[in-house]
$ cat final-v1.pdb   # PDB, C-alpha atoms and all ligand atoms
MODEL        1
ATOM      1  CA  MET A   1       0.000   0.000   0.000  1.00  0.00           C
ATOM      2  CA  GLU A   2       1.198   3.496  -0.815  1.00  0.00           C
ATOM      3  CA  ILE A   3      -0.023   6.958   0.139  1.00  0.00           C
ATOM      4  CA  ILE A   4       0.237   9.292  -2.862  1.00  0.00           C
ATOM      5  CA  ARG A   5      -1.128  12.717  -3.779  1.00  0.00           C
ATOM      6  CA  MET A   6      -4.732  12.581  -5.023  1.00  0.00           C
ATOM      7  CA  THR A   7      -4.945  12.977  -8.812  1.00  0.00           C
ATOM      8  CA  ALA A   8      -7.731  13.252 -11.393  1.00  0.00           C
ATOM      9  CA  ALA A   9      -7.407   9.468 -11.845  1.00  0.00           C
ATOM     10  CA  HIS A  10      -8.792   8.934  -8.318  1.00  0.00           C
ATOM     11  CA  THR A  11     -11.655  11.396  -7.969  1.00  0.00           C
ATOM     12  CA  ALA A  12     -14.490   9.327  -9.533  1.00  0.00           C
ATOM     13  CA  LYS A  13     -13.764   6.390  -7.223  1.00  0.00           C
ATOM     14  CA  LEU A  14     -13.375   8.713  -4.213  1.00  0.00           C
ATOM     15  CA  ALA A  15     -16.732  10.372  -4.948  1.00  0.00           C
ATOM     16  CA  GLU A  16     -18.252   6.842  -4.770  1.00  0.00           C
ATOM     17  CA  LEU A  17     -16.533   6.343  -1.415  1.00  0.00           C
ATOM     18  CA  GLU A  18     -17.907   9.671  -0.158  1.00  0.00           C
ATOM     19  CA  THR A  19     -21.444   8.560  -1.100  1.00  0.00           C
ATOM     20  CA  LEU A  20     -20.932   5.255   0.721  1.00  0.00           C
ATOM     21  CA  CYS A  21     -19.727   6.931   3.926  1.00  0.00           C
ATOM     22  CA  PHE A  22     -21.369  10.312   4.421  1.00  0.00           C
ATOM     23  CA  SER A  23     -24.857  11.858   4.394  1.00  0.00           C
ATOM     24  CA  GLU A  24     -23.471  15.012   2.727  1.00  0.00           C
ATOM     25  CA  PRO A  25     -20.883  13.519   0.367  1.00  0.00           C
ATOM     26  CA  TRP A  26     -18.296  15.561  -1.540  1.00  0.00           C
ATOM     27  CA  SER A  27     -18.888  15.416  -5.304  1.00  0.00           C
ATOM     28  CA  GLU A  28     -16.266  14.456  -7.873  1.00  0.00           C
ATOM     29  CA  LYS A  29     -16.151  18.134  -8.894  1.00  0.00           C
ATOM     30  CA  ALA A  30     -15.527  19.293  -5.314  1.00  0.00           C
ATOM     31  CA  LEU A  31     -12.716  16.746  -4.934  1.00  0.00           C
ATOM     32  CA  SER A  32     -11.177  17.780  -8.291  1.00  0.00           C
ATOM     33  CA  GLU A  33     -11.069  21.405  -7.204  1.00  0.00           C
ATOM     34  CA  GLU A  34      -8.692  20.483  -4.366  1.00  0.00           C
ATOM     35  CA  ILE A  35      -6.018  19.007  -6.663  1.00  0.00           C
ATOM     36  CA  ASP A  36      -4.586  22.402  -7.607  1.00  0.00           C
ATOM     37  CA  ASN A  37      -5.581  24.273  -4.425  1.00  0.00           C
ATOM     38  CA  PRO A  38      -2.301  25.380  -2.808  1.00  0.00           C
ATOM     39  CA  ALA A  39      -3.912  25.398   0.679  1.00  0.00           C
ATOM     40  CA  ALA A  40      -5.115  21.806   0.290  1.00  0.00           C
ATOM     41  CA  TYR A  41      -3.309  18.497   0.776  1.00  0.00           C
ATOM     42  CA  PHE A  42      -5.317  15.494  -0.367  1.00  0.00           C
ATOM     43  CA  VAL A  43      -3.850  11.987  -0.494  1.00  0.00           C
ATOM     44  CA  THR A  44      -5.043   8.627  -1.798  1.00  0.00           C
ATOM     45  CA  ALA A  45      -4.145   5.195  -0.427  1.00  0.00           C
ATOM     46  CA  VAL A  46      -3.537   2.827  -3.335  1.00  0.00           C
ATOM     47  CA  GLU A  47      -2.467  -0.760  -3.883  1.00  0.00           C
ATOM     48  CA  GLY A  48      -1.340  -0.837  -7.496  1.00  0.00           C
ATOM     49  CA  ASP A  49      -4.263   0.664  -9.441  1.00  0.00           C
ATOM     50  CA  THR A  50      -6.784  -0.042  -6.669  1.00  0.00           C
ATOM     51  CA  VAL A  51      -8.014   2.933  -4.636  1.00  0.00           C
ATOM     52  CA  LEU A  52      -8.364   1.930  -0.956  1.00  0.00           C
ATOM     53  CA  GLY A  53      -9.220   5.260   0.654  1.00  0.00           C
ATOM     54  CA  TYR A  54      -8.310   8.884   0.972  1.00  0.00           C
ATOM     55  CA  GLY A  55      -7.918  11.870   3.246  1.00  0.00           C
ATOM     56  CA  GLY A  56      -7.657  15.593   2.838  1.00  0.00           C
ATOM     57  CA  MET A  57      -6.973  18.746   4.786  1.00  0.00           C
ATOM     58  CA  HIS A  58      -6.594  22.496   4.422  1.00  0.00           C
ATOM     59  CA  THR A  59      -3.817  24.507   6.070  1.00  0.00           C
ATOM     60  CA  VAL A  60      -3.869  28.249   6.793  1.00  0.00           C
ATOM     61  CA  LEU A  61      -1.071  29.929   8.776  1.00  0.00           C
ATOM     62  CA  GLY A  62       0.094  26.650  10.351  1.00  0.00           C
ATOM     63  CA  GLU A  63      -3.414  25.564  11.367  1.00  0.00           C
ATOM     64  CA  SER A  64      -4.483  22.382   9.591  1.00  0.00           C
ATOM     65  CA  TYR A  65      -8.107  21.234   9.369  1.00  0.00           C
ATOM     66  CA  ILE A  66      -8.894  17.675   8.244  1.00  0.00           C
ATOM     67  CA  ASP A  67     -11.943  17.645   5.964  1.00  0.00           C
ATOM     68  CA  ASN A  68     -12.377  13.906   5.611  1.00  0.00           C
ATOM     69  CA  ILE A  69     -10.783  10.515   5.943  1.00  0.00           C
ATOM     70  CA  ALA A  70     -12.452   7.428   4.497  1.00  0.00           C
ATOM     71  CA  VAL A  71     -11.537   3.868   3.611  1.00  0.00           C
ATOM     72  CA  PHE A  72     -13.617   1.459   1.496  1.00  0.00           C
ATOM     73  CA  PRO A  73     -15.340  -1.015   3.865  1.00  0.00           C
ATOM     74  CA  GLU A  74     -13.505  -4.051   2.461  1.00  0.00           C
ATOM     75  CA  TYR A  75     -10.097  -2.525   3.291  1.00  0.00           C
ATOM     76  CA  ARG A  76     -10.872  -1.298   6.814  1.00  0.00           C
ATOM     77  CA  GLY A  77      -9.125  -2.646   9.895  1.00  0.00           C
ATOM     78  CA  CYS A  78      -5.725  -3.150   8.217  1.00  0.00           C
ATOM     79  CA  GLY A  79      -3.944   0.124   8.855  1.00  0.00           C
ATOM     80  CA  VAL A  80      -5.060   2.127   5.805  1.00  0.00           C
ATOM     81  CA  GLY A  81      -6.834   4.847   7.803  1.00  0.00           C
ATOM     82  CA  ARG A  82      -3.857   5.117  10.134  1.00  0.00           C
ATOM     83  CA  ALA A  83      -1.432   5.530   7.216  1.00  0.00           C
ATOM     84  CA  ILE A  84      -3.595   8.223   5.594  1.00  0.00           C
ATOM     85  CA  THR A  85      -3.970  10.160   8.852  1.00  0.00           C
ATOM     86  CA  GLN A  86      -0.241   9.880   9.608  1.00  0.00           C
ATOM     87  CA  ALA A  87       0.559  11.306   6.155  1.00  0.00           C
ATOM     88  CA  LEU A  88      -1.658  14.320   6.916  1.00  0.00           C
ATOM     89  CA  ILE A  89      -0.045  14.763  10.359  1.00  0.00           C
ATOM     90  CA  ASP A  90       3.455  14.620   8.851  1.00  0.00           C
ATOM     91  CA  ARG A  91       2.543  17.264   6.310  1.00  0.00           C
ATOM     92  CA  ALA A  92       0.800  19.474   8.898  1.00  0.00           C
ATOM     93  CA  LYS A  93       3.868  19.295  11.192  1.00  0.00           C
ATOM     94  CA  ALA A  94       6.241  20.370   8.437  1.00  0.00           C
ATOM     95  CA  ASP A  95       7.033  24.073   8.056  1.00  0.00           C
ATOM     96  CA  ASP A  96       6.410  24.845  11.756  1.00  0.00           C
ATOM     97  CA  GLY A  97       2.762  23.728  11.795  1.00  0.00           C
ATOM     98  CA  LEU A  98       0.918  24.588  15.023  1.00  0.00           C
ATOM     99  CA  PHE A  99      -1.820  21.974  15.198  1.00  0.00           C
ATOM    100  CA  ILE A 100      -4.098  19.684  13.242  1.00  0.00           C
ATOM    101  CA  THR A 101      -7.786  19.459  14.089  1.00  0.00           C
ATOM    102  CA  LEU A 102     -11.085  17.958  12.925  1.00  0.00           C
ATOM    103  CA  GLU A 103     -14.702  17.295  13.838  1.00  0.00           C
ATOM    104  CA  VAL A 104     -16.102  13.803  14.197  1.00  0.00           C
ATOM    105  CA  ARG A 105     -19.569  12.482  14.965  1.00  0.00           C
ATOM    106  CA  ALA A 106     -19.802  11.631  18.670  1.00  0.00           C
ATOM    107  CA  SER A 107     -20.978   8.075  17.809  1.00  0.00           C
ATOM    108  CA  ASN A 108     -18.193   7.353  15.286  1.00  0.00           C
ATOM    109  CA  THR A 109     -16.217   4.930  17.461  1.00  0.00           C
ATOM    110  CA  PRO A 110     -13.819   3.695  14.738  1.00  0.00           C
ATOM    111  CA  ALA A 111     -12.800   7.228  13.720  1.00  0.00           C
ATOM    112  CA  ILE A 112     -12.510   8.466  17.323  1.00  0.00           C
ATOM    113  CA  GLY A 113     -10.378   5.379  18.063  1.00  0.00           C
ATOM    114  CA  LEU A 114      -8.158   6.124  15.074  1.00  0.00           C
ATOM    115  CA  TYR A 115      -7.585   9.764  16.010  1.00  0.00           C
ATOM    116  CA  ALA A 116      -7.009   8.949  19.701  1.00  0.00           C
ATOM    117  CA  ALA A 117      -4.471   6.262  18.714  1.00  0.00           C
ATOM    118  CA  LEU A 118      -2.518   8.946  16.839  1.00  0.00           C
ATOM    119  CA  GLY A 119      -2.499  11.387  19.771  1.00  0.00           C
ATOM    120  CA  PHE A 120      -5.515  13.606  19.055  1.00  0.00           C
ATOM    121  CA  GLU A 121      -7.313  14.825  22.178  1.00  0.00           C
ATOM    122  CA  THR A 122     -10.922  15.939  22.543  1.00  0.00           C
ATOM    123  CA  ALA A 123     -10.817  19.733  22.697  1.00  0.00           C
ATOM    124  CA  GLY A 124     -14.539  20.454  22.798  1.00  0.00           C
ATOM    125  CA  VAL A 125     -18.023  19.579  21.562  1.00  0.00           C
ATOM    126  CA  ARG A 126     -20.073  21.317  18.896  1.00  0.00           C
ATOM    127  CA  LYS A 127     -23.690  20.725  19.912  1.00  0.00           C
ATOM    128  CA  ARG A 128     -25.860  19.364  17.072  1.00  0.00           C
ATOM    129  CA  PHE A 129     -23.071  20.091  14.561  1.00  0.00           C
ATOM    130  CA  TYR A 130     -24.237  17.308  12.241  1.00  0.00           C
ATOM    131  CA  THR A 131     -27.575  16.827  10.506  1.00  0.00           C
ATOM    132  CA  ASP A 132     -29.147  13.772   8.871  1.00  0.00           C
ATOM    133  CA  PRO A 133     -29.041  12.401  11.536  1.00  0.00           C
ATOM    134  CA  GLU A 134     -28.594  15.259  13.984  1.00  0.00           C
ATOM    135  CA  GLU A 135     -25.655  14.653  16.293  1.00  0.00           C
ATOM    136  CA  ASP A 136     -22.957  16.452  18.314  1.00  0.00           C
ATOM    137  CA  GLY A 137     -19.495  16.835  16.817  1.00  0.00           C
ATOM    138  CA  LEU A 138     -16.372  16.230  18.892  1.00  0.00           C
ATOM    139  CA  ILE A 139     -13.499  18.590  18.128  1.00  0.00           C
ATOM    140  CA  MET A 140     -10.297  16.534  18.231  1.00  0.00           C
ATOM    141  CA  THR A 141      -6.928  18.256  18.043  1.00  0.00           C
ATOM    142  CA  LEU A 142      -3.263  17.263  17.949  1.00  0.00           C
ATOM    143  CA  SER A 143      -0.943  20.135  18.928  1.00  0.00           C
ATOM    144  CA  PHE A 144       2.680  20.060  17.852  1.00  0.00           C
ATOM    145  CA  GLN A 145       5.484  20.818  20.330  1.00  0.00           C
ATOM    146  CA  ARG A 146       7.337  24.015  19.376  1.00  0.00           C
TER     147      ARG A 146
HETATM  148  C1  LIG A 201     -12.502   5.654  10.421  1.00  0.00           C
HETATM  149  C2  LIG A 201     -11.830   4.850   9.297  1.00  0.00           C
HETATM  150  C3  LIG A 201     -11.209   5.821   8.287  1.00  0.00           C
HETATM  151  C4  LIG A 201     -10.726   3.973   9.914  1.00  0.00           C
HETATM  152  O1  LIG A 201      -9.998   3.369   8.854  1.00  0.00           O
HETATM  153  P1  LIG A 201      -9.292   1.938   9.000  1.00  0.00           P
HETATM  154  O2  LIG A 201      -8.422   1.755   7.811  1.00  0.00           O
HETATM  155  O3  LIG A 201     -10.307   0.894   9.269  1.00  0.00           O
HETATM  156  O4  LIG A 201      -8.419   2.153  10.323  1.00  0.00           O
HETATM  157  P2  LIG A 201      -7.077   1.396  10.712  1.00  0.00           P
HETATM  158  O5  LIG A 201      -7.181  -0.058  10.330  1.00  0.00           O
HETATM  159  O6  LIG A 201      -5.918   2.142  10.155  1.00  0.00           O
HETATM  160  O7  LIG A 201      -7.086   1.511  12.296  1.00  0.00           O
HETATM  161  C5  LIG A 201      -6.240   2.411  12.981  1.00  0.00           C
HETATM  162  C6  LIG A 201      -6.702   2.554  14.421  1.00  0.00           C
HETATM  163  O8  LIG A 201      -8.015   3.125  14.465  1.00  0.00           O
HETATM  164  C7  LIG A 201      -8.762   2.556  15.536  1.00  0.00           C
HETATM  165  N1  LIG A 201      -9.910   1.818  14.984  1.00  0.00           N
HETATM  166  C8  LIG A 201     -10.092   1.430  13.697  1.00  0.00           C
HETATM  167  N2  LIG A 201     -11.282   0.792  13.580  1.00  0.00           N
HETATM  168  C9  LIG A 201     -11.833   0.780  14.808  1.00  0.00           C
HETATM  169  C10 LIG A 201     -13.047   0.281  15.337  1.00  0.00           C
HETATM  170  N3  LIG A 201     -13.959  -0.343  14.542  1.00  0.00           N
HETATM  171  N4  LIG A 201     -13.310   0.480  16.653  1.00  0.00           N
HETATM  172  C11 LIG A 201     -12.431   1.117  17.447  1.00  0.00           C
HETATM  173  N5  LIG A 201     -11.243   1.616  17.003  1.00  0.00           N
HETATM  174  C12 LIG A 201     -10.961   1.448  15.706  1.00  0.00           C
HETATM  175  C13 LIG A 201      -7.818   1.624  16.250  1.00  0.00           C
HETATM  176  O9  LIG A 201      -7.146   2.365  17.259  1.00  0.00           O
HETATM  177  C14 LIG A 201      -6.849   1.250  15.155  1.00  0.00           C
HETATM  178  O10 LIG A 201      -5.595   0.865  15.642  1.00  0.00           O
HETATM  179  P3  LIG A 201      -5.282  -0.695  15.899  1.00  0.00           P
HETATM  180  O11 LIG A 201      -5.585  -1.405  14.619  1.00  0.00           O
HETATM  181  O12 LIG A 201      -3.837  -0.689  16.259  1.00  0.00           O
HETATM  182  O13 LIG A 201      -6.202  -1.102  17.000  1.00  0.00           O
HETATM  183  C15 LIG A 201     -12.871   3.908   8.590  1.00  0.00           C
HETATM  184  O14 LIG A 201     -13.559   3.172   9.586  1.00  0.00           O
HETATM  185  C16 LIG A 201     -13.875   4.635   7.711  1.00  0.00           C
HETATM  186  O15 LIG A 201     -13.611   4.887   6.517  1.00  0.00           O
HETATM  187  N6  LIG A 201     -15.072   4.949   8.271  1.00  0.00           N
HETATM  188  C17 LIG A 201     -16.123   5.620   7.498  1.00  0.00           C
HETATM  189  C18 LIG A 201     -15.774   7.054   7.176  1.00  0.00           C
HETATM  190  C19 LIG A 201     -15.585   7.872   8.432  1.00  0.00           C
HETATM  191  O16 LIG A 201     -16.361   7.790   9.366  1.00  0.00           O
HETATM  192  N7  LIG A 201     -14.531   8.714   8.432  1.00  0.00           N
HETATM  193  C20 LIG A 201     -14.197   9.596   9.520  1.00  0.00           C
HETATM  194  C21 LIG A 201     -14.905  10.901   9.393  1.00  0.00           C
HETATM  195  S1  LIG A 201     -14.436  12.060  10.671  1.00  0.00           S
ENDMDL
END
$ encode --input "final-v1.pdb" --output "structure tokens" --more "lines below"
Ligand SMILES: CC(C)(COP(=O)(O)OP(=O)(O)OC[C@H]1O[C@@H](n2cnc3c(N)ncnc32)[C@H](O)[C@@H]1OP(=O)(O)O)[C@@H](O)C(=O)NCCC(=O)NCCS
Amino acid sequence: MEIIRMTAAHTAKLAELETLCFSEPWSEKALSEEIDNPAAYFVTAVEGDTVLGYGGMHTVLGESYIDNIAVFPEYRGCGVGRAITQALIDRAKADDGLFITLEVRASNTPAIGLYAALGFETAGVRKRFYTDPEEDGLIMTLSFQR
């Protein structure tokens, strides 16, 4: 498995993954727009030509915000999500990054487990942040030592 920069060759498959995972999925067009966005860093996990999953974030003035991380169900539980998240952390840390943060549904045990395993801590709760279904969002943050 390799983690590589997301390209136009991946976006159709990743839009399918978004639809599988989320009630407000990113479209192929929205994903494509991030390829050349200098503030964005989107990566794809691949095994040969097979797309396993992806993750993406935006960074402004050393503050990195993870938009999404997702792995196709058949490839979950084998370290793909961890590798994607670690790649985002490594990038966020570079160039004197301050922190990396995200929101996650309060009931999303696998994702909360993943972020906690990588050192993210719960920094707060956004009440009813999510819709369809309505749910609180946990803010999870990993601060980098200066
Ligand atoms: C969350 C998600 C990306 C995890 O991907 P994954 O490839 O299965 O995760 P990994 O195999 O790399 O697991 C890494 C760590 O995450 C945690 N984890 C993963 N699945 C878990 C589960 N079902 N329950 C609890 N912890 C879990 C564990 O700490 C695990 O480490 P370990 O294997 O040493 O125990 C995947 O479940 C997914 O795509 N879910 C749907 C989309 C989603 O909810 N994304 C997050 C939006 S904020």
$ atom_distance --input "final-v1.pdb" --atom1 "CA of Met140 in chain A" --atom2 "CA of Ala39 in chain A"
20.7 Å
$ axis_aligned_box --input "final-v1.pdb" --around "range 54-71 of chain A" --padding-each-side "4 Å" --output "lines of an AutoDock Vina configuration file"
center_x = -6.2
center_y = 16.9
center_z = 6.2
size_x = 20.5
size_y = 34.1
size_z = 18.4
$ resolve_selection --input "final-v1.pdb" --expression "the PyMOL selection byres (((chain A and resi 24) around 12) and not hetatm)" --output "PDB file with C-alpha atoms, keeping the file's coordinate frame"
ATOM      1  CA  ALA A  15     -16.732  10.372  -4.948  1.00  0.00           C
ATOM      2  CA  LEU A  17     -16.533   6.343  -1.415  1.00  0.00           C
ATOM      3  CA  GLU A  18     -17.907   9.671  -0.158  1.00  0.00           C
ATOM      4  CA  THR A  19     -21.444   8.560  -1.100  1.00  0.00           C
ATOM      5  CA  LEU A  20     -20.932   5.255   0.721  1.00  0.00           C
ATOM      6  CA  CYS A  21     -19.727   6.931   3.926  1.00  0.00           C
ATOM      7  CA  PHE A  22     -21.369  10.312   4.421  1.00  0.00           C
ATOM      8  CA  SER A  23     -24.857  11.858   4.394  1.00  0.00           C
ATOM      9  CA  PRO A  25     -20.883  13.519   0.367  1.00  0.00           C
ATOM     10  CA  TRP A  26     -18.296  15.561  -1.540  1.00  0.00           C
ATOM     11  CA  SER A  27     -18.888  15.416  -5.304  1.00  0.00           C
ATOM     12  CA  ASN A  68     -12.377  13.906   5.611  1.00  0.00           C
ATOM     13  CA  TYR A 130     -24.237  17.308  12.241  1.00  0.00           C
ATOM     14  CA  THR A 131     -27.575  16.827  10.506  1.00  0.00           C
ATOM     15  CA  ASP A 132     -29.147  13.772   8.871  1.00  0.00           C
ATOM     16  CA  PRO A 133     -29.041  12.401  11.536  1.00  0.00           C
TER      17      PRO A 133
END
$ residues_near_ligand --input "final-v1.pdb" --ligand "ligand LIG 201 (chain A)" --cutoff "7 Å" --atoms "all atoms listed in the file" --output "ChimeraX atom specification"
/A:21,68-73,75-83,103-105,108-115,117
$ resolve_selection --input "final-v1.pdb" --expression "the PyMOL selection byres (((chain A and resi 125) around 12) and not hetatm)" --output "PyMOL selection string"
chain A and resi 102-106+121-124+126-130+135-141
$ atom_distance --input "final-v1.pdb" --atom1 "CA of Glu47 in chain A" --atom2 "CA of Thr7 in chain A"
14.8 Å
$ residues_around --input "final-v1.pdb" --residues "Asp67 in chain A" --least-positions-apart "5" --cutoff "8 Å" --atoms "all atoms listed in the file" --output "short mmCIF file (atom, residue, chain, number, x, y, z; two decimals) with C-alpha atoms, in the frame of the given file"
data_model
loop_
_atom_site.label_atom_id
_atom_site.label_comp_id
_atom_site.auth_asym_id
_atom_site.auth_seq_id
_atom_site.Cartn_x
_atom_site.Cartn_y
_atom_site.Cartn_z
CA GLY A 55 -7.92 11.87 3.25
CA GLY A 56 -7.66 15.59 2.84
CA MET A 57 -6.97 18.75 4.79
CA HIS A 58 -6.59 22.50 4.42
CA LEU A 102 -11.08 17.96 12.92
#
$ resolve_selection --input "final-v1.pdb" --expression "the PyMOL selection byres (((chain A and resi 28) around 8) and not hetatm)" --output "count of residues only"
10
$ closest_residue --input "final-v1.pdb" --among "A:Ala40, A:Gly48, A:Thr85, A:Tyr54" --to "His10 in chain A" --atoms "all atoms listed in the file"
A:Tyr54
$ closest_residue --input "final-v1.pdb" --among "A:Val46, A:Ala9, A:Ser107, A:Leu98" --to "Glu134 in chain A" --atoms "only C-alpha atoms"
A:Ser107
$ closest_residue --input "final-v1.pdb" --among "A:Ile89, A:Met6, A:Ile100, A:Leu52" --to "Ile35 in chain A" --atoms "only C-alpha atoms"
A:Met6
$ build_atoms --input "final-v1.pdb" --residues "range 7-24 of chain A" --atoms "N, CA and C atoms" --output "PDB file, keeping the file's coordinate frame"
ATOM      1  N   THR A   7      -4.977  12.453  -7.441  1.00  0.00           N
ATOM      2  CA  THR A   7      -4.945  12.977  -8.812  1.00  0.00           C
ATOM      3  C   THR A   7      -6.331  12.834  -9.442  1.00  0.00           C
ATOM      4  N   ALA A   8      -6.461  13.352 -10.667  1.00  0.00           N
ATOM      5  CA  ALA A   8      -7.731  13.252 -11.393  1.00  0.00           C
ATOM      6  C   ALA A   8      -8.109  11.790 -11.653  1.00  0.00           C
ATOM      7  N   ALA A   9      -7.125  10.898 -11.619  1.00  0.00           N
ATOM      8  CA  ALA A   9      -7.407   9.468 -11.845  1.00  0.00           C
ATOM      9  C   ALA A   9      -8.166   8.846 -10.669  1.00  0.00           C
ATOM     10  N   HIS A  10      -8.180   9.527  -9.520  1.00  0.00           N
ATOM     11  CA  HIS A  10      -8.792   8.934  -8.318  1.00  0.00           C
ATOM     12  C   HIS A  10     -10.185   9.488  -7.996  1.00  0.00           C
ATOM     13  N   THR A  11     -10.512  10.658  -8.535  1.00  0.00           N
ATOM     14  CA  THR A  11     -11.655  11.396  -7.969  1.00  0.00           C
ATOM     15  C   THR A  11     -13.013  10.710  -8.185  1.00  0.00           C
ATOM     16  N   ALA A  12     -13.189   9.988  -9.304  1.00  0.00           N
ATOM     17  CA  ALA A  12     -14.490   9.327  -9.533  1.00  0.00           C
ATOM     18  C   ALA A  12     -14.710   8.255  -8.464  1.00  0.00           C
ATOM     19  N   LYS A  13     -13.680   7.466  -8.217  1.00  0.00           N
ATOM     20  CA  LYS A  13     -13.764   6.390  -7.223  1.00  0.00           C
ATOM     21  C   LYS A  13     -13.956   6.989  -5.815  1.00  0.00           C
ATOM     22  N   LEU A  14     -13.277   8.098  -5.547  1.00  0.00           N
ATOM     23  CA  LEU A  14     -13.375   8.713  -4.213  1.00  0.00           C
ATOM     24  C   LEU A  14     -14.746   9.349  -3.993  1.00  0.00           C
ATOM     25  N   ALA A  15     -15.365   9.841  -5.077  1.00  0.00           N
ATOM     26  CA  ALA A  15     -16.732  10.372  -4.948  1.00  0.00           C
ATOM     27  C   ALA A  15     -17.686   9.228  -4.590  1.00  0.00           C
ATOM     28  N   GLU A  16     -17.456   8.036  -5.150  1.00  0.00           N
ATOM     29  CA  GLU A  16     -18.252   6.842  -4.770  1.00  0.00           C
ATOM     30  C   GLU A  16     -18.074   6.536  -3.283  1.00  0.00           C
ATOM     31  N   LEU A  17     -16.829   6.614  -2.834  1.00  0.00           N
ATOM     32  CA  LEU A  17     -16.533   6.343  -1.415  1.00  0.00           C
ATOM     33  C   LEU A  17     -17.237   7.352  -0.515  1.00  0.00           C
ATOM     34  N   GLU A  18     -17.209   8.621  -0.925  1.00  0.00           N
ATOM     35  CA  GLU A  18     -17.907   9.671  -0.158  1.00  0.00           C
ATOM     36  C   GLU A  18     -19.391   9.322  -0.014  1.00  0.00           C
ATOM     37  N   THR A  19     -20.015   8.888  -1.122  1.00  0.00           N
ATOM     38  CA  THR A  19     -21.444   8.560  -1.100  1.00  0.00           C
ATOM     39  C   THR A  19     -21.719   7.377  -0.167  1.00  0.00           C
ATOM     40  N   LEU A  20     -20.790   6.415  -0.165  1.00  0.00           N
ATOM     41  CA  LEU A  20     -20.932   5.255   0.721  1.00  0.00           C
ATOM     42  C   LEU A  20     -20.888   5.639   2.194  1.00  0.00           C
ATOM     43  N   CYS A  21     -20.051   6.655   2.520  1.00  0.00           N
ATOM     44  CA  CYS A  21     -19.727   6.931   3.926  1.00  0.00           C
ATOM     45  C   CYS A  21     -20.515   8.065   4.571  1.00  0.00           C
ATOM     46  N   PHE A  22     -20.905   9.080   3.788  1.00  0.00           N
ATOM     47  CA  PHE A  22     -21.369  10.312   4.421  1.00  0.00           C
ATOM     48  C   PHE A  22     -22.733  10.752   3.906  1.00  0.00           C
ATOM     49  N   SER A  23     -23.521  11.405   4.794  1.00  0.00           N
ATOM     50  CA  SER A  23     -24.857  11.858   4.394  1.00  0.00           C
ATOM     51  C   SER A  23     -24.788  13.126   3.541  1.00  0.00           C
ATOM     52  N   GLU A  24     -23.657  13.857   3.621  1.00  0.00           N
ATOM     53  CA  GLU A  24     -23.471  15.012   2.727  1.00  0.00           C
ATOM     54  C   GLU A  24     -22.144  14.824   1.986  1.00  0.00           C
TER      55      GLU A  24
END
